[in-house]
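This report refers to the structure that appears directly beneath it.
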Amino acid sequence: MKQYAYQWRALLLMVLAWGFAGLVHNCVSFLFPYFSKTFQLGTAHNGYLTGTLAFFWTLSILYCGPRADKIGQVKVMVPGLLLGGVALVVLSLSGSVVMLYVFTAIAGFGCGSIVSSSLSFLAEQSNPKYRGLFFGTAQSSFTLIGSAIGSVVFTRLGATSVGWRGCYFVMAVLVIFAALAIFLGGRRIPRAVQADEEEEAKQFRLLLGYKNVVLSAALASLTMMWYFTVAAFTILYLMEAKSLDAVAAGAIFAGFGSGGFIGEFCAPFVSDRVGRKLTALLAVMLGGGCFAAFVLLPLPAMGMTLAIAGASCFMSGAMAILNSVVPSESVPPHLVATATAFTPACGEFVGGVIAPVLAGILSGALGTTQVMLLLAVLPVIIWIGLLFLRETAPAVLARRA
C-alpha cells in the first residue's frame, strides 16, 4: 500500500478544490438577484453570465488537461485557483457590466483548471479498487458545498449588509485558501506517471481511438444537458405549471441539490463493486422514472420534492460515472488527465452553454411545461446508449478474468 500512501491527503485536497470551485460555478445564480439591481440588468443576463462562465470553464478544461499530464496537476491547479480568486476580488469591486462579464469569464477559466487536473491527480494517487469512491467523494463536494450549502449561505448573506460584493470577496478567500492548501499539501506528493512529450501535442486526437471515451463523452453531454436544464427551469416550471409561489417552489427544488449530492457520492462507490455499466443503467432508469413522475403525476408538495430529489440523485450518479470514472479507466495512465478533460469539457459545453440557451428559446416558443416533457425523453436515449458501453471497473474485470 506504500504506492498509495498519499491517497487520503490527495482526496481531502480535492474535496476542498471541488467544493470551493463549485461556489464559483454557481455564484451567478446565487447573487444575480442582488447585483442585477446594482447594474439594472434584465433576467436574460442571468443566462448570458452563466453561459459566459460555463464557456470559459470549458476552455480551461480543454487547455489544462494536457498540461496537467505534461507538467503535473498541482502546477496547473494552484495558478488556476489563484487566478480565479483574484478575479473574484476584482468582481467584488466591479463598477460596470463590462467588468462583470470579463472577470466572471476569468474566474470561470481559473477555477475550471481543477476539473481534469484533480481527477487525474486522484487517479494516480488512489488505489484503482476505490477509484469510484474517491472520484465520487471529490465531485459530490461540488454539489454539497457549491450548491446545497452555497445557495443557502450566500443568498442569505447577500441580503445582509455584506451584500453581493462581500459574498464575492468571501468566495475569493475560500478559493485562495484551497490553492494554498494544494500547494502546501500536494507539491511534495510524487507523480505516478509522466506524459510523453512527443505525444502531448496529439493527445486529444489519440482519444478518438478509444470508443469508450467517445461514447462516454456523448452520454455525459446528454446527461449534463438534462441536469443543467432541469436545474435552470424547475423553479419556473413549478411557478407556472403548478401555480406555486417562489418560496414554495424553492423549498421543493431544495431536494434537487440534496439528491444530487447523494447520487454523486454513492453511485461511483457502488460501481466499484457491481460495475460502471450496470450502475449507470440502473441509475438512469430510476432517475428517468422519478423525473417522469415529477412531470406527469399530480403529486403533493412532498411527493414532488421526493421525485425531483430521486431524479437528481440517480441522474447525478450516472453523470459522475460517465464524466470521470469511465474515461479515466479507458485509456493508458499518461492520457488520464486528457481523457478526464475531454469528457467534462464536452458535457460542460453542451450542458452549460448550449442547453440553457436552447431551452430558453423553446420555452419562449412552446412553454416551460413542454421543455420539461422533452427532458423526460433524454434518460431513455441515454439508457439505450449505455448498452454499448464497455465495462471498466477493475473489480468486475478481475472477477471475469
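Scheme for the C-alpha cells: letters A, B, ... for chains in order shown; per-chain residue numbers from 1; ligand numbers from 1 in order shown.
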
Counting only C-alpha atoms, what are the residues of stretch 28-101 of chain A within 12 Å of stretch 7-14 of chain A, and for each of them which pair of atoms is the nearest and at what distance in Å, to one decimal? Sort the table by chain and rising number, as CSV.
```
residue,atom,partner,partner_atom,distance
A:Gln73,CA,A:Met14,CA,11.2
A:Val74,CA,A:Leu13,CA,10.5
A:Met77,CA,A:Met14,CA,10.1
A:Val78,CA,A:Leu13,CA,11.4
```

For this session: Considering only C-alpha atoms, return as a list of chain:residue names whatever protein or nucleic-acid residues lie within 9 Å of A:Val173, sequence-local ones (same chain, fewer than 5 positions apart) excluded.
Result: A:Gly85, A:Leu88, A:Val89, A:Tyr168, A:Ala178

Problem set entry | A:Thr38 environment, 12 Å, only C-alpha atoms, sequence neighbours closer than 4 positions dropped, as JSON, numbers by chain | {"A": [31, 32, 33, 34, 42, 94, 95, 96, 97, 100, 163, 164, 165]}

Report as a compact mmCIF listing (two decimals) with C-alpha atoms, in the first residue's frame: the residues of stretch 147-381 of chain A with a DSSP assignment of alpha helix (DSSP H), based on the backbone of this structure.
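Written output follows (result29.txt):
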```
# COMPACT_ATOMS: atom_id res chain seq x y z
CA GLY A 150 -23.73 27.71 -1.03
CA SER A 151 -27.24 28.53 -2.17
CA VAL A 152 -28.46 28.85 1.42
CA VAL A 153 -25.45 30.72 2.83
CA PHE A 154 -24.81 33.21 0.04
CA THR A 155 -28.41 34.06 -0.79
CA ARG A 156 -28.92 34.95 2.87
CA LEU A 157 -25.54 36.67 3.20
CA GLY A 158 -26.25 38.75 0.11
CA GLY A 163 -24.12 42.37 0.07
CA TRP A 164 -23.13 40.71 -3.17
CA ARG A 165 -19.72 42.40 -3.17
CA GLY A 166 -18.89 40.92 0.22
CA CYS A 167 -20.09 37.50 -0.97
CA TYR A 168 -17.69 37.57 -3.91
CA PHE A 169 -14.86 38.55 -1.56
CA VAL A 170 -15.66 35.65 0.79
CA MET A 171 -15.62 33.25 -2.17
CA ALA A 172 -12.25 34.68 -3.23
CA VAL A 173 -10.79 33.97 0.21
CA LEU A 174 -12.06 30.38 0.10
CA VAL A 175 -10.67 29.75 -3.39
CA ILE A 176 -7.28 31.22 -2.50
CA PHE A 177 -7.25 29.10 0.68
CA ALA A 178 -7.83 25.99 -1.45
CA ALA A 179 -4.93 26.99 -3.73
CA LEU A 180 -2.58 27.42 -0.78
CA ALA A 181 -3.70 24.13 0.77
CA ILE A 182 -2.99 22.28 -2.50
CA PHE A 183 0.40 23.99 -2.83
CA LEU A 184 1.48 23.17 0.72
CA GLY A 185 -0.07 19.73 0.91
CA GLY A 186 0.34 18.50 -2.66
CA GLU A 197 6.27 14.98 -24.63
CA GLU A 198 6.11 13.71 -28.22
CA GLU A 199 2.55 12.51 -27.63
CA GLU A 200 1.35 15.56 -25.74
CA GLN A 203 -3.35 13.56 -27.09
CA PHE A 204 -6.88 14.70 -27.93
CA ARG A 205 -6.58 13.04 -31.34
CA LEU A 206 -5.42 9.84 -29.67
CA LEU A 207 -8.56 9.80 -27.53
CA LYS A 211 -14.54 4.13 -28.35
CA ASN A 212 -15.41 4.06 -24.66
CA VAL A 213 -14.14 7.63 -24.24
CA VAL A 214 -16.09 8.90 -27.26
CA LEU A 215 -19.28 7.16 -26.12
CA SER A 216 -18.95 8.30 -22.51
CA ALA A 217 -18.38 11.89 -23.73
CA ALA A 218 -21.58 11.77 -25.81
CA LEU A 219 -23.63 10.24 -23.00
CA ALA A 220 -22.16 12.60 -20.39
CA SER A 221 -23.12 15.54 -22.63
CA LEU A 222 -26.73 14.36 -22.76
CA THR A 223 -26.76 13.74 -19.01
CA MET A 224 -25.38 17.20 -18.26
CA MET A 225 -27.86 18.70 -20.74
CA TRP A 226 -30.61 17.12 -18.64
CA TYR A 227 -29.04 18.19 -15.34
CA PHE A 228 -28.30 21.84 -16.13
CA THR A 229 -31.59 22.44 -17.92
CA VAL A 230 -33.64 20.90 -15.12
CA ALA A 231 -31.68 22.99 -12.62
CA ALA A 232 -32.38 26.16 -14.60
CA PHE A 233 -36.10 25.62 -15.31
CA THR A 234 -37.61 23.65 -12.42
CA ILE A 235 -38.49 26.62 -10.22
CA LEU A 236 -40.01 28.46 -13.20
CA TYR A 237 -41.94 25.29 -14.11
CA LEU A 238 -43.32 24.95 -10.59
CA MET A 239 -44.42 28.57 -10.55
CA GLU A 240 -46.04 28.46 -14.00
CA ALA A 241 -47.45 24.93 -14.25
CA ALA A 246 -41.25 31.41 -5.34
CA VAL A 247 -40.76 30.34 -1.71
CA ALA A 248 -42.77 27.11 -2.12
CA ALA A 249 -41.06 26.33 -5.44
CA GLY A 250 -37.64 26.94 -3.88
CA ALA A 251 -38.44 24.61 -0.99
CA ILE A 252 -39.34 21.80 -3.40
CA PHE A 253 -36.26 22.48 -5.53
CA ALA A 254 -34.03 22.08 -2.46
CA GLY A 255 -34.48 18.34 -2.98
CA PHE A 256 -32.62 18.66 -6.29
CA GLY A 257 -29.35 19.73 -4.65
CA SER A 258 -29.59 17.23 -1.79
CA GLY A 259 -30.36 14.37 -4.14
CA GLY A 260 -27.50 15.32 -6.43
CA PHE A 261 -25.00 15.20 -3.58
CA ILE A 262 -26.14 11.73 -2.51
CA GLY A 263 -26.02 10.40 -6.07
CA GLU A 264 -22.59 11.80 -6.92
CA PHE A 265 -21.17 10.30 -3.74
CA CYS A 266 -22.88 6.89 -3.74
CA ALA A 267 -23.13 5.83 -7.41
CA PRO A 268 -19.36 5.77 -8.19
CA PHE A 269 -18.76 3.95 -4.88
CA VAL A 270 -21.39 1.32 -5.71
CA SER A 271 -19.95 0.98 -9.21
CA ASP A 272 -16.59 -0.06 -7.71
CA ARG A 273 -18.29 -3.31 -6.74
CA VAL A 274 -21.10 -4.01 -9.21
CA ARG A 276 -19.79 1.05 -14.00
CA LYS A 277 -22.17 -0.05 -16.76
CA LEU A 278 -24.75 -1.80 -14.54
CA THR A 279 -24.75 1.04 -12.00
CA ALA A 280 -25.22 3.67 -14.73
CA LEU A 281 -28.02 1.67 -16.39
CA LEU A 282 -29.93 1.30 -13.12
CA ALA A 283 -29.34 4.93 -12.17
CA VAL A 284 -30.61 6.34 -15.46
CA MET A 285 -33.64 4.05 -15.42
CA LEU A 286 -34.59 5.05 -11.86
CA GLY A 287 -33.74 8.71 -12.43
CA GLY A 288 -35.83 8.86 -15.59
CA GLY A 289 -38.74 7.23 -13.76
CA CYS A 290 -38.57 9.72 -10.89
CA PHE A 291 -38.46 12.66 -13.29
CA ALA A 292 -41.37 11.32 -15.32
CA ALA A 293 -43.37 11.07 -12.09
CA PHE A 294 -42.41 14.64 -11.21
CA VAL A 295 -43.64 15.98 -14.56
CA LEU A 296 -46.61 13.73 -15.31
CA ALA A 301 -45.57 19.11 -2.46
CA MET A 302 -43.72 16.38 -0.53
CA GLY A 303 -44.18 13.97 -3.41
CA MET A 304 -42.72 16.48 -5.87
CA THR A 305 -39.79 17.11 -3.54
CA LEU A 306 -39.02 13.39 -3.26
CA ALA A 307 -39.48 12.85 -7.01
CA ILE A 308 -37.09 15.65 -8.04
CA ALA A 309 -34.63 14.56 -5.34
CA GLY A 310 -34.71 11.00 -6.68
CA ALA A 311 -34.31 12.17 -10.27
CA SER A 312 -31.32 14.33 -9.32
CA CYS A 313 -29.79 11.58 -7.17
CA PHE A 314 -29.80 8.88 -9.83
CA MET A 315 -29.02 11.07 -12.84
CA SER A 316 -26.17 12.80 -10.98
CA GLY A 317 -24.76 9.41 -10.07
CA ALA A 318 -24.74 8.35 -13.71
CA MET A 319 -23.23 11.70 -14.68
CA ALA A 320 -20.34 11.26 -12.21
CA VAL A 326 -15.18 5.55 -17.14
CA PRO A 327 -12.87 7.84 -19.20
CA SER A 328 -10.08 7.54 -16.62
CA GLU A 329 -10.21 3.74 -16.82
CA VAL A 336 -5.92 10.11 -17.93
CA ALA A 337 -5.88 13.90 -17.48
CA THR A 338 -6.62 14.43 -21.16
CA ALA A 339 -9.47 11.91 -21.12
CA THR A 340 -10.95 13.48 -17.99
CA ALA A 341 -10.66 16.85 -19.72
CA PHE A 342 -12.31 15.80 -22.98
CA THR A 343 -15.44 14.25 -21.46
CA PRO A 344 -16.36 17.00 -18.93
CA ALA A 345 -15.49 19.68 -21.49
CA CYS A 346 -17.97 18.20 -23.97
CA GLY A 347 -20.59 17.96 -21.22
CA ALA A 355 -28.63 23.65 -23.46
CA PRO A 356 -29.81 26.64 -21.36
CA VAL A 357 -29.93 28.89 -24.44
CA LEU A 358 -31.77 26.27 -26.49
CA ALA A 359 -34.17 25.55 -23.63
CA GLY A 360 -34.83 29.27 -23.25
CA ILE A 361 -35.75 29.55 -26.93
CA LEU A 362 -38.03 26.50 -26.71
CA SER A 363 -39.59 27.75 -23.50
CA GLY A 364 -40.47 31.03 -25.15
CA ALA A 365 -41.95 29.27 -28.17
CA LEU A 366 -43.62 26.23 -26.59
CA THR A 368 -41.86 25.64 -19.87
CA THR A 369 -44.06 22.55 -19.48
CA GLN A 370 -43.17 21.36 -22.99
CA VAL A 371 -39.47 21.79 -22.23
CA MET A 372 -39.84 19.59 -19.15
CA LEU A 373 -41.69 16.96 -21.16
CA LEU A 374 -38.89 16.93 -23.74
CA LEU A 375 -36.35 16.50 -20.93
CA LEU A 378 -33.42 12.25 -22.56
CA PRO A 379 -32.97 9.47 -19.94
CA VAL A 380 -34.42 6.96 -22.44
CA ILE A 381 -31.85 7.97 -25.09
```

Problem set entry | Distance in Å - atom CA of A:Ala21 versus atom CA of A:Gln40 |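 It comes out at 27.2 Å.
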
Problem set entry | Selection near A:Gly72, 9 Å with only C-alpha atoms, sequence-local residues under 2 positions removed, as a ChimeraX atom specification | /A:67-70,74-76,117,121,191,194

For this session: Calculate how many Å separate atom CA of A:Leu49 from atom CA of A:Ala105, rounding to one decimal.
Result: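 Value for the atom CA of A:Leu49-atom CA of A:Ala105 distance: 8.4 Å.
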
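Among the candidates A:Leu62, A:Gln139, A:Val90, A:Ser120, the one nearest to A:Ala17 when counting only C-alpha atoms is A:Gln139.
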
Exercise. From the set A:Pro66, A:Leu122, A:Val353, A:Leu389, which residue has the shortest atom-to-atom contact distance to A:Ile189, counting only C-alpha atoms?
Worked result: A:Leu122

Problem set entry | Shell around A:Leu23 at 8 Å using only C-alpha atoms, local window under 3 positions removed, as a list of chain:residue names |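 My reading of the contact set: A:Gly19, A:Phe20, A:Asn26, A:Cys27, A:Phe142, A:Ile145, A:Gly146, A:Ser147, A:Gly150, A:Met171.
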